[in-house]
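data_15.txt follows (compact mmCIF, C-alpha atoms and all ligand atoms):
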# COMPACT_ATOMS: atom_id res chain seq x y z
CA MET O 44 135.30 100.46 59.28
CA SER O 45 133.83 97.21 57.98
CA ALA O 46 130.76 95.65 59.55
CA GLU O 47 132.70 92.78 61.11
CA GLN O 48 131.83 90.97 64.34
CA PHE O 49 134.12 91.78 67.23
CA GLU O 50 135.26 89.68 70.16
CA HIS O 51 133.65 90.96 73.34
CA PRO O 52 134.29 88.32 76.00
CA ASP O 53 132.56 88.31 79.40
CA VAL O 54 135.69 87.11 81.17
CA VAL O 55 139.06 88.70 80.40
CA LEU O 56 142.34 87.68 82.03
CA CYS O 57 144.58 90.77 82.00
CA PRO O 58 148.30 90.06 81.61
CA ASP O 59 149.90 90.24 85.10
CA GLY O 60 146.67 91.77 86.31
CA PRO O 61 143.10 91.11 87.37
CA MET O 62 140.29 89.16 85.78
CA LEU O 63 137.62 91.39 84.28
CA LEU O 64 134.05 90.17 84.57
CA ARG O 65 131.32 91.74 82.48
CA GLY O 66 127.68 91.82 83.33
CA VAL O 67 127.71 89.93 86.64
CA ASP O 68 125.48 90.74 89.61
CA SER O 69 127.52 89.18 92.39
CA VAL O 70 130.84 87.51 93.16
CA GLN O 71 131.50 85.05 95.99
CA ASP O 72 134.95 85.40 97.56
CA ALA O 73 137.19 82.65 98.97
CA ASP O 74 135.56 82.94 102.40
CA GLY O 75 132.13 82.36 100.95
CA THR O 76 131.03 85.99 101.31
CA VAL O 77 128.92 87.20 98.43
CA HIS O 78 129.69 90.71 97.13
CA ALA O 79 127.11 92.59 95.12
CA VAL O 80 128.34 94.13 91.87
CA ASP O 81 127.00 97.50 90.81
CA ARG O 82 129.16 98.34 87.81
CA PRO O 83 129.12 96.87 84.31
CA VAL O 84 132.67 95.52 84.53
CA VAL O 85 134.52 94.50 87.68
CA ALA O 86 138.17 93.57 88.18
CA VAL O 87 138.68 90.50 90.36
CA CYS O 88 142.11 90.29 91.96
CA ARG O 89 144.22 87.37 90.77
CA CYS O 90 147.43 88.17 92.65
CA LEU O 91 145.65 87.88 96.03
CA LYS O 92 147.59 90.89 97.33
CA SER O 93 144.78 93.42 97.01
CA SER O 94 143.67 95.27 100.15
CA ARG O 95 140.08 95.01 98.92
CA LEU O 96 139.66 91.41 97.98
CA PRO O 97 137.98 90.09 95.98
CA TRP O 98 138.49 93.29 93.94
CA CYS O 99 141.72 94.39 92.32
CA ASP O 100 143.13 97.61 93.79
CA GLY O 101 146.15 97.93 91.53
CA THR O 102 148.58 96.30 94.00
CA HIS O 103 149.57 93.73 91.37
CA LYS O 104 151.61 96.47 89.72
CA VAL O 105 153.94 96.90 92.67
CA ILE O 106 154.63 93.25 93.42
CA PRO O 107 157.49 91.56 91.60
CA ARG O 108 156.26 89.76 88.51
CA GLY O 109 156.55 86.00 88.40
CA HIS O 110 156.39 84.04 85.19
CA SER O 111 153.47 85.18 83.10
CA MET Y 775 154.73 131.80 94.10
CA ARG Y 776 151.10 132.68 94.68
CA PRO Y 777 150.07 132.28 98.28
CA LEU Y 778 147.91 129.23 98.83
CA SER Y 779 144.84 130.29 100.72
CA ILE Y 780 141.12 130.14 100.45
CA GLY Y 781 140.20 133.17 98.41
CA ASP Y 782 137.38 135.17 99.92
CA ALA Y 783 136.45 136.31 96.45
CA VAL Y 784 134.57 133.48 94.84
CA SER Y 785 133.60 133.09 91.24
CA SER Y 786 130.21 131.54 91.73
CA THR Y 787 126.89 132.38 93.18
CA ASP Y 788 125.16 130.28 95.77
CA GLU Y 789 121.84 130.45 94.04
CA VAL Y 790 120.19 127.14 93.40
CA ASP Y 791 116.85 127.13 91.66
CA ASP Y 792 114.11 124.72 92.71
CA THR Y 793 115.31 121.96 90.43
CA GLY Y 794 118.60 121.94 92.33
CA TYR Y 795 120.42 123.32 89.32
CA VAL Y 796 123.42 125.32 90.43
CA CYS Y 797 123.70 128.60 88.58
CA PRO Y 798 126.82 128.85 86.48
CA MET Y 799 129.81 130.72 87.77
CA ILE Y 800 130.93 134.17 86.75
CA LEU Y 801 134.15 134.85 84.84
CA PRO Y 802 137.29 134.44 86.93
CA LYS Y 803 139.61 137.31 87.77
CA PRO Y 804 141.89 138.23 84.89
CA ARG Y 805 145.57 137.52 85.47
CA GLY Y 806 147.05 139.98 82.98
CA ASN Y 807 146.50 141.99 79.78
CA LEU Y 808 145.43 139.11 77.63
CA SER Y 809 142.81 137.65 79.95
CA GLU Y 810 141.58 141.17 80.69
CA TRP Y 811 141.08 141.70 76.97
CA VAL Y 812 139.42 138.31 76.45
CA PHE Y 813 137.02 138.71 79.38
CA HIS Y 814 136.10 142.21 78.28
CA ARG Y 815 135.26 140.90 74.82
CA LEU Y 816 133.27 137.96 76.22
CA ARG Y 817 131.19 140.20 78.47
CA SER Y 818 130.30 142.41 75.53
CA VAL Y 819 128.98 139.57 73.33
CA THR Y 820 125.25 139.66 72.57
CA ASP Y 821 123.05 137.54 70.31
CA GLU Y 822 123.95 139.98 67.52
CA PRO Y 823 127.01 138.52 65.75
CA ARG Y 824 129.90 140.97 65.98
CA PRO Y 825 132.56 141.30 63.32
CA TRP Y 826 136.15 140.93 64.33
CA SER Y 827 138.89 142.72 62.47
CA GLY Y 828 141.47 140.08 63.28
CA ALA Y 829 143.33 142.76 65.21
CA PRO Y 830 146.39 141.35 66.95
CA ILE Y 831 145.61 139.42 70.11
CA PRO Y 832 147.44 141.04 73.03
CA GLY Y 833 150.46 139.15 74.35
CA ALA Y 834 150.12 137.38 77.67
CA THR Y 835 151.58 139.11 80.70
CA GLU Y 836 152.56 135.74 82.16
CA ASP Y 837 151.90 132.07 81.46
CA GLU Y 838 148.97 132.07 83.85
CA ASP Y 839 147.44 135.04 82.02
CA ALA Y 840 147.21 132.93 78.87
CA ALA Y 841 146.16 129.90 80.89
CA ILE Y 842 143.20 131.55 82.63
CA ALA Y 843 142.08 133.05 79.30
CA LEU Y 844 142.14 129.66 77.60
CA TRP Y 845 140.46 128.00 80.56
CA ALA Y 846 137.58 130.50 80.31
CA LEU Y 847 137.34 130.11 76.52
CA HIS Y 848 137.06 126.33 76.92
CA GLU Y 849 134.51 126.78 79.68
CA LEU Y 850 132.18 128.38 77.14
CA SER Y 851 131.77 124.87 75.72
CA TYR Y 852 130.98 123.33 79.13
CA GLY Y 853 128.82 125.14 81.66
CA GLY Y 854 129.38 128.71 80.53
CA PHE Y 855 129.32 131.81 82.73
CA GLU Y 856 126.46 133.69 84.27
CA ASP Y 857 127.90 137.02 83.11
CA VAL Y 858 128.59 135.92 79.51
CA SER Y 859 126.08 135.37 76.72
CA GLU Y 860 125.79 131.80 75.44
CA HIS Y 861 126.56 133.24 72.01
CA ALA Y 862 130.13 133.92 73.13
CA GLU Y 863 131.13 130.35 72.27
CA GLN Y 864 130.75 131.30 68.60
CA ASP Y 865 132.22 134.76 68.85
CA LEU Y 866 134.88 135.22 66.17
CA ALA Y 867 137.42 136.81 68.50
CA ALA Y 868 136.83 134.09 71.10
CA GLN Y 869 137.36 131.36 68.54
CA ALA Y 870 140.47 132.95 67.06
CA THR Y 871 141.96 133.53 70.49
CA ARG Y 872 141.19 130.01 71.59
CA THR Y 873 142.86 128.58 68.49
CA HIS Y 874 145.88 130.79 69.01
CA LEU Y 875 146.26 129.86 72.68
CA GLU Y 876 145.72 126.16 71.98
CA ARG Y 877 148.46 126.25 69.38
CA GLU Y 878 150.88 127.71 71.92
CA LEU Y 879 149.84 125.16 74.53
CA GLU Y 880 150.14 122.23 72.15
CA GLN Y 881 153.59 123.35 71.00
CA ARG Y 882 154.73 123.63 74.61
CA LEU Y 883 153.37 120.17 75.49
CA ARG Y 884 154.95 118.57 72.43
CA SER Y 885 158.29 120.20 73.13
CA ARG Y 886 158.39 118.39 76.48
CA TRP Y 887 157.84 115.00 74.95
CA VAL Y 888 160.46 112.76 73.44
CA GLY Y 889 158.55 110.26 71.35
CA ARG Y 890 159.85 107.05 69.91
CA PRO Y 891 158.30 104.98 67.14
CA VAL Y 892 155.78 102.48 68.44
CA GLU Y 893 153.94 99.67 66.70
CA PRO Y 894 150.18 99.78 67.21
CA VAL Y 895 150.18 96.37 68.94
CA GLU Y 896 152.74 97.65 71.44
CA VAL Y 897 150.62 100.57 72.58
CA PRO Y 898 149.13 99.03 75.77
CA ALA Y 899 152.57 97.77 76.85
CA ALA Y 900 154.14 101.14 76.02
CA ILE Y 901 151.56 102.89 78.20
CA ASP Y 902 152.34 100.46 81.06
CA GLU Y 903 156.01 101.18 80.58
CA LEU Y 904 155.54 104.95 80.69
CA VAL Y 905 153.45 104.64 83.83
CA ALA Y 906 155.91 102.24 85.49
CA GLY Y 907 158.76 104.65 84.72
CA ASP Y 908 156.94 107.68 86.10
CA ASP Y 909 159.07 109.15 88.87
CA GLY Y 910 157.09 112.31 89.57
CA PRO Y 911 156.60 113.22 93.24
CA SER Y 912 153.46 111.73 94.80
CA LEU Y 913 150.94 114.00 96.46
CA ALA Y 914 148.96 110.93 97.55
CA ALA Y 915 151.97 109.55 99.42
CA PHE Y 916 152.31 112.90 101.18
CA VAL Y 917 148.63 112.92 102.14
CA HIS Y 918 148.92 109.32 103.28
CA ARG Y 919 151.61 109.93 105.90
CA ARG Y 920 152.51 113.58 106.40
CA ALA Y 921 150.04 116.22 105.24
CA ASP Y 922 148.07 118.22 107.76
CA ARG Y 923 144.40 119.01 107.39
CA ASP Y 924 144.91 122.45 105.83
CA GLN Y 925 147.27 121.05 103.23
CA VAL Y 926 144.71 118.42 102.27
CA LEU Y 927 141.99 121.07 102.02
CA GLU Y 928 144.23 123.11 99.74
CA LEU Y 929 144.86 120.07 97.59
CA LEU Y 930 141.12 119.40 97.34
CA ARG Y 931 140.48 122.99 96.25
CA GLN Y 932 143.11 122.73 93.53
CA ARG Y 933 141.84 119.32 92.43
CA SER Y 934 138.26 120.58 92.33
CA VAL Y 935 138.93 122.38 89.04
CA TYR Y 936 139.31 118.97 87.44
CA HIS Y 937 137.31 116.56 89.61
CA LEU Y 938 134.11 118.62 89.43
CA LYS Y 939 133.90 117.93 85.73
CA GLU Y 940 135.71 114.65 85.79
CA ALA Y 941 135.11 112.57 82.66
CA ASP Y 942 133.46 115.42 80.75
CA PRO Y 943 136.47 116.45 78.63
CA THR Y 944 136.89 112.86 77.46
CA THR Y 945 133.24 112.48 76.54
CA TRP Y 946 133.79 114.91 73.64
CA VAL Y 947 135.94 112.21 72.03
CA VAL Y 948 133.26 109.51 71.73
CA PRO Y 949 131.92 110.31 68.23
CA ARG Y 950 135.45 110.55 66.87
CA LEU Y 951 136.49 107.00 67.62
CA PRO Y 952 136.20 103.81 65.58
CA THR Y 953 133.69 101.16 66.70
CA ARG Y 954 135.66 99.14 69.26
CA ALA Y 955 137.31 102.09 70.96
CA LYS Y 956 134.00 103.93 71.03
CA ALA Y 957 132.16 101.05 72.72
CA ALA Y 958 134.96 100.62 75.25
CA LEU Y 959 135.10 104.33 76.07
CA MET Y 960 131.36 104.33 76.65
CA GLU Y 961 131.67 101.30 78.93
CA LEU Y 962 134.23 103.24 80.98
CA GLN Y 963 132.39 106.56 80.89
CA PHE Y 964 129.13 104.92 81.94
CA ASP Y 965 130.88 103.99 85.18
CA GLU Y 966 132.34 107.53 85.54
CA TYR Y 967 128.80 108.84 85.20
CA GLY Y 968 127.52 106.64 88.01
CA ASP Y 969 126.15 103.72 85.97
CA GLY Y 970 122.97 105.69 85.50
CA ASP Y 971 122.66 106.69 89.18
CA PRO Y 972 123.19 110.45 89.57
CA ASN Y 973 124.25 109.93 93.19
CA ARG Y 974 127.20 107.87 92.05
CA LEU Y 975 128.38 110.18 89.28
CA HIS Y 976 132.05 110.72 90.07
CA SER Y 977 132.05 114.51 89.85
CA HIS Y 978 128.97 114.51 92.06
CA LEU Y 979 130.71 112.28 94.62
CA PHE Y 980 133.50 114.85 94.70
CA ALA Y 981 131.01 117.71 95.13
CA CYS Y 982 129.38 115.83 98.04
CA GLY Y 983 132.82 115.31 99.56
CA LEU Y 984 133.71 119.01 99.25
CA GLU Y 985 130.48 120.08 100.86
CA ALA Y 986 130.89 117.59 103.69
CA VAL Y 987 134.32 118.98 104.54
CA GLY Y 988 133.06 122.56 104.46
CA LEU Y 989 134.36 123.58 101.05
CA ARG Y 990 132.38 125.05 98.18
CA ALA Y 991 131.06 122.49 95.75
CA GLU Y 992 130.01 124.63 92.76
CA TYR Y 993 132.14 124.28 89.70
CA GLY Y 994 134.77 126.98 89.51
CA ALA Y 995 134.42 128.17 93.11
CA TYR Y 996 138.20 128.08 93.57
CA ILE Y 997 139.29 129.01 90.08
CA ASP Y 998 140.85 132.28 91.21
CA ASP Y 999 143.14 130.29 93.53
CA ALA Y 1000 144.07 127.72 90.89
CA LEU Y 1001 147.80 127.35 90.38
CA PRO Y 1002 149.07 127.87 86.80
CA GLU Y 1003 149.91 124.16 86.74
CA VAL Y 1004 146.27 123.31 87.50
CA LEU Y 1005 145.10 125.53 84.67
CA GLU Y 1006 147.59 124.03 82.24
CA MET Y 1007 146.52 120.53 83.22
CA ASN Y 1008 142.85 121.32 82.69
CA ASN Y 1009 143.47 123.22 79.47
CA ALA Y 1010 145.41 120.31 77.99
CA LEU Y 1011 142.61 117.93 78.83
CA SER Y 1012 139.93 120.18 77.32
CA MET Y 1013 141.98 120.83 74.21
CA PHE Y 1014 142.58 117.09 73.69
CA GLY Y 1015 138.89 116.43 74.14
CA LEU Y 1016 137.58 119.25 72.01
CA ARG Y 1017 139.79 118.84 68.94
CA ARG Y 1018 139.22 115.79 66.78
CA ARG Y 1019 142.83 115.89 65.60
CA LEU Y 1020 143.93 115.24 69.20
CA ARG Y 1021 141.65 112.23 69.86
CA GLY Y 1022 144.62 109.89 70.27
CA ALA Y 1023 146.18 112.16 72.88
CA ALA Y 1024 142.83 112.40 74.68
CA VAL Y 1025 142.49 108.65 75.15
CA GLY Y 1026 146.21 108.27 75.91
CA HIS Y 1027 145.80 110.86 78.62
CA LEU Y 1028 142.84 108.93 79.96
CA ALA Y 1029 144.82 105.67 80.02
CA ALA Y 1030 147.70 107.20 81.98
CA PHE Y 1031 145.30 108.92 84.34
CA GLU Y 1032 143.40 105.72 85.09
CA ALA Y 1033 146.61 103.73 85.46
CA THR Y 1034 147.89 106.12 88.12
CA SER Y 1035 144.70 106.31 90.12
CA SER Y 1036 143.90 103.12 92.06
CA LEU Y 1037 146.97 102.95 94.27
CA PRO Y 1038 147.20 106.73 94.91
CA SER Y 1039 143.46 106.77 95.65
CA ARG Y 1040 144.05 104.09 98.26
CA ARG Y 1041 146.74 106.24 99.87
CA MET Y 1042 144.35 109.21 99.79
CA VAL Y 1043 141.78 107.08 101.62
CA GLN Y 1044 144.35 106.17 104.27
CA GLY Y 1045 145.50 109.78 104.63
CA LEU Y 1046 141.97 111.15 104.85
CA GLU Y 1047 141.10 108.55 107.48
CA ARG Y 1048 144.27 109.39 109.42
CA LEU Y 1049 143.10 113.03 109.51
CA ASP Y 1050 139.50 112.09 110.39
CA PHE Y 1051 137.96 113.43 107.20
CA VAL Y 1052 134.28 112.62 106.92
CA GLU Y 1053 132.96 109.68 104.95
CA PRO Y 1054 131.65 111.45 101.81
CA MET Y 1055 135.15 112.74 101.00
CA VAL Y 1056 136.73 109.37 101.70
CA ARG Y 1057 134.11 107.73 99.54
CA TYR Y 1058 135.17 109.61 96.43
CA TYR Y 1059 138.63 108.10 96.72
CA SER Y 1060 137.57 104.62 97.80
CA GLU Y 1061 135.26 104.49 94.79
CA HIS Y 1062 138.31 105.26 92.62
CA VAL Y 1063 140.42 102.48 94.10
CA GLU Y 1064 137.98 99.96 92.73
CA ALA Y 1065 136.64 101.72 89.65
CA ASP Y 1066 140.01 102.73 88.25
CA ALA Y 1067 141.45 99.23 88.66
CA VAL Y 1068 138.84 98.33 86.03
CA HIS Y 1069 139.15 101.54 84.01
CA GLU Y 1070 142.90 101.27 83.55
CA GLN Y 1071 142.49 97.89 81.89
CA LEU Y 1072 139.72 99.12 79.61
CA ALA Y 1073 141.59 102.31 78.74
CA ALA Y 1074 144.96 100.82 77.84
CA ARG Y 1075 143.73 97.78 75.94
CA ASP Y 1076 140.18 98.22 74.70
CA ILE Y 1077 140.33 101.97 74.02
CA CYS Y 1078 143.94 102.90 73.20
CA GLY Y 1079 144.97 99.50 71.88
CA THR Y 1080 142.08 99.18 69.46
CA LEU Y 1081 142.31 102.81 68.36
CA ALA Y 1082 145.98 102.30 67.50
CA ALA Y 1083 145.14 99.08 65.66
CA ASP Y 1084 142.38 100.73 63.64
CA GLU Y 1085 144.22 104.03 63.07
CA PRO Y 1086 147.95 103.31 63.25
CA ALA Y 1087 148.88 106.99 62.99
CA GLN Y 1088 147.27 107.45 66.41
CA ALA Y 1089 149.73 105.12 68.17
CA GLN Y 1090 152.26 107.92 68.73
CA GLU Y 1091 149.54 110.35 69.67
CA VAL Y 1092 148.25 108.02 72.37
CA LEU Y 1093 151.70 107.97 73.93
CA PHE Y 1094 151.99 111.75 73.64
CA GLY Y 1095 148.74 112.05 75.59
CA ALA Y 1096 149.83 109.50 78.19
CA PHE Y 1097 153.17 111.24 78.69
CA THR Y 1098 151.48 114.62 78.97
CA CYS Y 1099 149.14 113.37 81.69
CA LEU Y 1100 152.04 112.11 83.81
CA ASP Y 1101 154.18 115.17 83.12
CA LEU Y 1102 151.46 117.69 84.03
CA GLU Y 1103 150.65 115.79 87.23
CA ALA Y 1104 154.35 115.84 88.17
CA ARG Y 1105 154.54 119.59 87.52
CA PHE Y 1106 151.45 120.17 89.63
CA ALA Y 1107 152.83 118.02 92.46
CA ARG Y 1108 156.14 119.90 92.43
CA ALA Y 1109 154.28 123.22 92.51
CA MET Y 1110 152.27 122.09 95.55
CA PHE Y 1111 155.35 120.89 97.42
CA THR Y 1112 157.13 124.15 96.62
CA ALA Y 1113 154.17 126.19 97.81
CA TRP Y 1114 154.04 124.23 101.05
CA GLY Y 1115 157.80 124.44 101.44
CA VAL Y 1116 158.15 120.71 102.02
CA GLU Y 1117 160.30 118.05 100.42
CA PRO Y 1118 158.34 115.55 98.30
S1 LIG O 1201 145.27 91.59 90.50
FE1 LIG O 1201 145.23 93.69 90.90
S2 LIG O 1201 145.61 93.78 92.99
FE2 LIG O 1201 145.64 91.64 92.63
FE FE O 1202 136.32 108.86 88.12
FE FE O 1203 138.16 106.26 86.18
Taking this structure as input, can you express it in the form of C-alpha cells?
Ligand code: FES
Ligand SMILES: [Fe+2]
Ligand SMILES: [Fe+2]
Amino acid sequence: MSAEQFEHPDVVLCPDGPMLLRGVDSVQDADGTVHAVDRPVVAVCRCLKSSRLPWCDGTHKVIPRGHS
Amino acid sequence: MRPLSIGDAVSSTDEVDDTGYVCPMILPKPRGNLSEWVFHRLRSVTDEPRPWSGAPIPGATEDEDAAIALWALHELSYGGFEDVSEHAEQDLAAQATRTHLERELEQRLRSRWVGRPVEPVEVPAAIDELVAGDDGPSLAAFVHRRADRDQVLELLRQRSVYHLKEADPTTWVVPRLPTRAKAALMELQFDEYGDGDPNRLHSHLFACGLEAVGLRAEYGAYIDDALPEVLEMNNALSMFGLRRRLRGAAVGHLAAFEATSSLPSRRMVQGLERLDFVEPMVRYYSEHVEADAVHEQLAARDICGTLAADEPAQAQEVLFGAFTCLDLEARFARAMFTAWGVEP
C-alpha cells in the first residue's frame, strides 16, 4: 500500500442513514437538551424516527425510503 | 433434540484470585469418539514436544462431536483450559486436527452459499441487500412479545458462548488488513472494548448482566449445554478470525452481525423490561442499540468497502462471511424455536 493521505472526515452523512460524528464531546438535541458523548464515533439520527433521539437506533432501515 | 436445561455439571471453577482474574475453565464434556480422542490428547500434552505419527483422526460420531472438538481446539488460542497445558496450542496432533476440522467446516459453510460476482465498489450495498433480504426467524421478536422468563434465561445461556468473548475473534484480523480497513476496524473494536473503560467492555457488560440475573458469568460455564448450532456459529467466527486467508469473511461476518443488531437489541430491551429483568442485563442490549447503529456504518463502508477496494479478490469473501453470519443465526433461531416447541 502506498503512503497516500486518506480522507477521514469528522462528519459523515450515511446514505439513507444517520450522520456520523467523530471526536465530539456532546450533542444538543432539538429540544435543547445536551447529551454527553462517550464513544469515539456517534450516529445522529437524520430520519427523526429513532426511539432514542438524537441517536440513530437503526429504525431508518424499516421506514420506506424517500428520494435519496 | 437435546433437552434445554441448566446443566448441573459446569465446566468452570468459581475460583477467583485476588486480582479478580477468573480461572480458566476445564475441558467440556466430549460428545463422541472424536472429541473424546482430542480431549484425551490435549490432557496428555506437557512442555515436552510429542511426536505425532499422523495416524488417522477418528471420525466424528455426530456433527456436534466434531463441533465441540473444534471449539476446544480454538479455545487453546483464547483463554485455554485449566486442565490442559498451554503447550497444547502447538501440539502437532491438535494442529492437524484443527486444520482437518476447519476444512470440513469451511466446505460446509461454502456449500450453503450461492455467491454472485460483485464489484468492489458495490460491496457495502451488497451487504445491505443481503441483510434486507434476510428472512430468518427472529429470536428478539419472540423475546419482545412472547417469551417467558425461563426461555429468555435459556437464550442468554446459549448466547453466552459468544457474547462473553464478543469482539475477540475479530481482533485477530487487525494485522491482516490494509491501512484504511485496519484503522476503521480499530475504531470499531475500541468501542467494543469499552473505549478504554473496562466496565464498559461489551463482554464484561454481558458478564455483569448474567450475574445480575443469577446465571454464571465465567466463560464457558454453559458450554456443555450449547446447541450444535451455537458451536458451529462460534467455530465459524473463530476460524474466520484465526486464518489470514479468511480475513474477508471475518469482516463480512462482522458487517452482517452489526447490521442486524440495533433493532433486535431494542426488541430485547423491550422484552427484558416486559419480564422485569434487572438493569445490568438490559444495559447490555441498550448499549448495543446505540453502539451498533454506529458500528454497522463503519463495518460495511469503512472496513468491508475499503478492504474490497484495496484487495478486490476479497469482495466475494466479504459477502460469503456476511451470508454465513445471517445463515448461522437463522439456523440457531430455528433450533431454539424447535427446542421450545413454538412457532417463530
Ligand atoms: S437515521 Fe437511523 S434511526 Fe433515524
Ligand atoms: Fe458489542
Ligand atoms: Fe458492535
field: Shortest interatomic distance to chain Y - which of O:Ala79, O:Val85, O:Val55, O:Cys90, counting all atoms listed in the file
entry: O:Val85
Protein and nucleic residues near ligand FE 1203 (chain O), 7 Å, only C-alpha atoms and all ligand atoms, as a list in words: Glu966, Glu1032, His1062, Ala1065, Asp1066 and His1069 of chain Y
Write out, as a JSON list (two decimals), keeping the file's coordinate frame, the residues just selected, with C-alpha atoms.
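Final output, saved to selection_15.json:
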[["chain", "number", "residue", "atom", "x", "y", "z"],
["Y", 966, "GLU", "CA", 132.34, 107.53, 85.54],
["Y", 1032, "GLU", "CA", 143.40, 105.72, 85.09],
["Y", 1062, "HIS", "CA", 138.31, 105.26, 92.62],
["Y", 1065, "ALA", "CA", 136.64, 101.72, 89.65],
["Y", 1066, "ASP", "CA", 140.01, 102.73, 88.25],
["Y", 1069, "HIS", "CA", 139.15, 101.54, 84.01]]
query: Residues within 12 Å of ligand FE 1202 (chain O) (only C-alpha atoms and all ligand atoms), as a PyMOL selection string?
result: chain Y and resi 936-942+944+962-969+974-980+1028+1031-1036+1039+1057-1070
message: Counting all atoms listed in the file, what are the residues, protein, DNA or RNA alike, that approach ligand LIG 1201 (chain O) to within 7 Å? I want them as a PyMOL selection string.
response: chain O and resi 60-61+87-93+99-103
- request: Please tell me which residues are no farther than 10 Å from (135.5, 120.2, 104.9) in the file, counting only C-alpha atoms, and write them as a list in words.
  value: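 Applying the cut-off with only C-alpha atoms, one gets Arg923, Asp924, Val926, Leu927, Leu930, Gly983, Leu984, Glu985, Ala986, Val987, Gly988, Leu989, Arg990, Phe1051, Val1052 and Met1055 of chain Y.
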For the point (137.9, 103.4, 70.6) in the file's frame, write as a compact mmCIF listing (two decimals) with C-alpha atoms, keeping the file's coordinate frame all residues with an atom no more than 8 Å away, counting all atoms listed in the file.
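The result, written out as result_39.txt:
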# COMPACT_ATOMS: atom_id res chain seq x y z
CA VAL Y 948 133.26 109.51 71.73
CA LEU Y 951 136.49 107.00 67.62
CA PRO Y 952 136.20 103.81 65.58
CA THR Y 953 133.69 101.16 66.70
CA ARG Y 954 135.66 99.14 69.26
CA ALA Y 955 137.31 102.09 70.96
CA LYS Y 956 134.00 103.93 71.03
CA ALA Y 957 132.16 101.05 72.72
CA ALA Y 958 134.96 100.62 75.25
CA LEU Y 959 135.10 104.33 76.07
CA ASP Y 1076 140.18 98.22 74.70
CA ILE Y 1077 140.33 101.97 74.02
CA CYS Y 1078 143.94 102.90 73.20
CA THR Y 1080 142.08 99.18 69.46
CA LEU Y 1081 142.31 102.81 68.36
task: May I ask for the distance between atom CA of Cys1099 of chain Y and atom CA of Arg805 of chain Y, given in Å to one decimal place?
output: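 Pair atom CA of Cys1099 of chain Y / atom CA of Arg805 of chain Y returns 24.7 Å.
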Two-atom distance - atom CA of Pro943 of chain Y, atom CA of Ala1023 of chain Y (Å): 12.1 Å
query: What does the distance from atom CA of Ala1074 of chain Y to atom CA of Tyr852 of chain Y come to in Å, to one decimal?
result: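 Between atom CA of Ala1074 of chain Y and atom CA of Tyr852 of chain Y the gap is 26.5 Å.
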task: For chain O, report every residue with an atom at most 12 Å from chain Y (counting only C-alpha atoms), formatted as a VMD selection string.
output: chain O and resid 44 to 52 55 to 66 80 to 88 93 to 105
message: So that I can see what lies close to Met1110 of chain Y, please list as a PyMOL selection string the residues with an atom at most 8 Å from it, counting all atoms listed in the file and leaving out residues fewer than 4 positions away in the same chain.
response: chain Y and resi 929+1106+1114
Written file, previous selection with C-alpha atoms, as a JSON list (two decimals), in the coordinates of the input:
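To be explicit, this is the file written out as selection_20.json:
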[["chain", "number", "residue", "atom", "x", "y", "z"],
["Y", 929, "LEU", "CA", 144.86, 120.07, 97.59],
["Y", 1106, "PHE", "CA", 151.45, 120.17, 89.63],
["Y", 1114, "TRP", "CA", 154.04, 124.23, 101.05]]
Kindly compute an axis-aligned box around the listed atoms of segment 924-934 of chain Y, allowing 6 Å on each side, and express its centre and edge lengths in Å to one decimal as AutoDock Vina command-line options.
--center_x 142.8 --center_y 120.8 --center_z 99.1 --size_x 21.0 --size_y 16.7 --size_z 25.5
task: Select, from Y:Phe1111, Y:Trp845, Y:Phe916, Y:Ser809, the residue with the minimum atom-to-atom distance to Leu1046 of chain Y, counting all atoms listed in the file.
output: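 That would be Y:Phe916, the residue with the smallest distance to Leu1046 of chain Y.
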How about completing segment 78-86 of chain O with N, CA, C and O atoms and giving it to me as an mmCIF file, in the coordinates of the input?
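And here is the file that came out, rebuild_15.cif:
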data_model
loop_
_atom_site.group_PDB
_atom_site.id
_atom_site.type_symbol
_atom_site.label_atom_id
_atom_site.label_comp_id
_atom_site.auth_asym_id
_atom_site.auth_seq_id
_atom_site.Cartn_x
_atom_site.Cartn_y
_atom_site.Cartn_z
ATOM 1 N N HIS O 78 129.589 89.266 97.316
ATOM 2 C CA HIS O 78 129.690 90.710 97.130
ATOM 3 C C HIS O 78 128.824 91.132 95.950
ATOM 4 O O HIS O 78 128.973 90.584 94.855
ATOM 5 N N ALA O 79 127.954 92.084 96.206
ATOM 6 C CA ALA O 79 127.110 92.590 95.120
ATOM 7 C C ALA O 79 127.980 93.389 94.150
ATOM 8 O O ALA O 79 128.950 94.031 94.552
ATOM 9 N N VAL O 80 127.617 93.371 92.887
ATOM 10 C CA VAL O 80 128.340 94.130 91.870
ATOM 11 C C VAL O 80 127.411 95.208 91.339
ATOM 12 O O VAL O 80 126.275 94.917 90.976
ATOM 13 N N ASP O 81 127.882 96.460 91.328
ATOM 14 C CA ASP O 81 127.000 97.500 90.810
ATOM 15 C C ASP O 81 127.628 98.282 89.666
ATOM 16 O O ASP O 81 127.254 99.403 89.390
ATOM 17 N N ARG O 82 128.622 97.688 89.001
ATOM 18 C CA ARG O 82 129.160 98.340 87.810
ATOM 19 C C ARG O 82 129.215 97.306 86.673
ATOM 20 O O ARG O 82 129.238 96.112 86.940
ATOM 21 N N PRO O 83 129.236 97.805 85.436
ATOM 22 C CA PRO O 83 129.120 96.870 84.310
ATOM 23 C C PRO O 83 130.310 95.914 84.172
ATOM 24 O O PRO O 83 130.155 94.805 83.696
ATOM 25 N N VAL O 84 131.476 96.370 84.593
ATOM 26 C CA VAL O 84 132.670 95.520 84.530
ATOM 27 C C VAL O 84 133.343 95.609 85.891
ATOM 28 O O VAL O 84 133.483 96.710 86.438
ATOM 29 N N VAL O 85 133.736 94.469 86.441
ATOM 30 C CA VAL O 85 134.520 94.500 87.680
ATOM 31 C C VAL O 85 135.849 93.802 87.449
ATOM 32 O O VAL O 85 135.975 92.955 86.561
ATOM 33 N N ALA O 86 136.839 94.181 88.263
ATOM 34 C CA ALA O 86 138.170 93.570 88.180
ATOM 35 C C ALA O 86 138.370 92.722 89.428
ATOM 36 O O ALA O 86 138.438 93.257 90.535
#
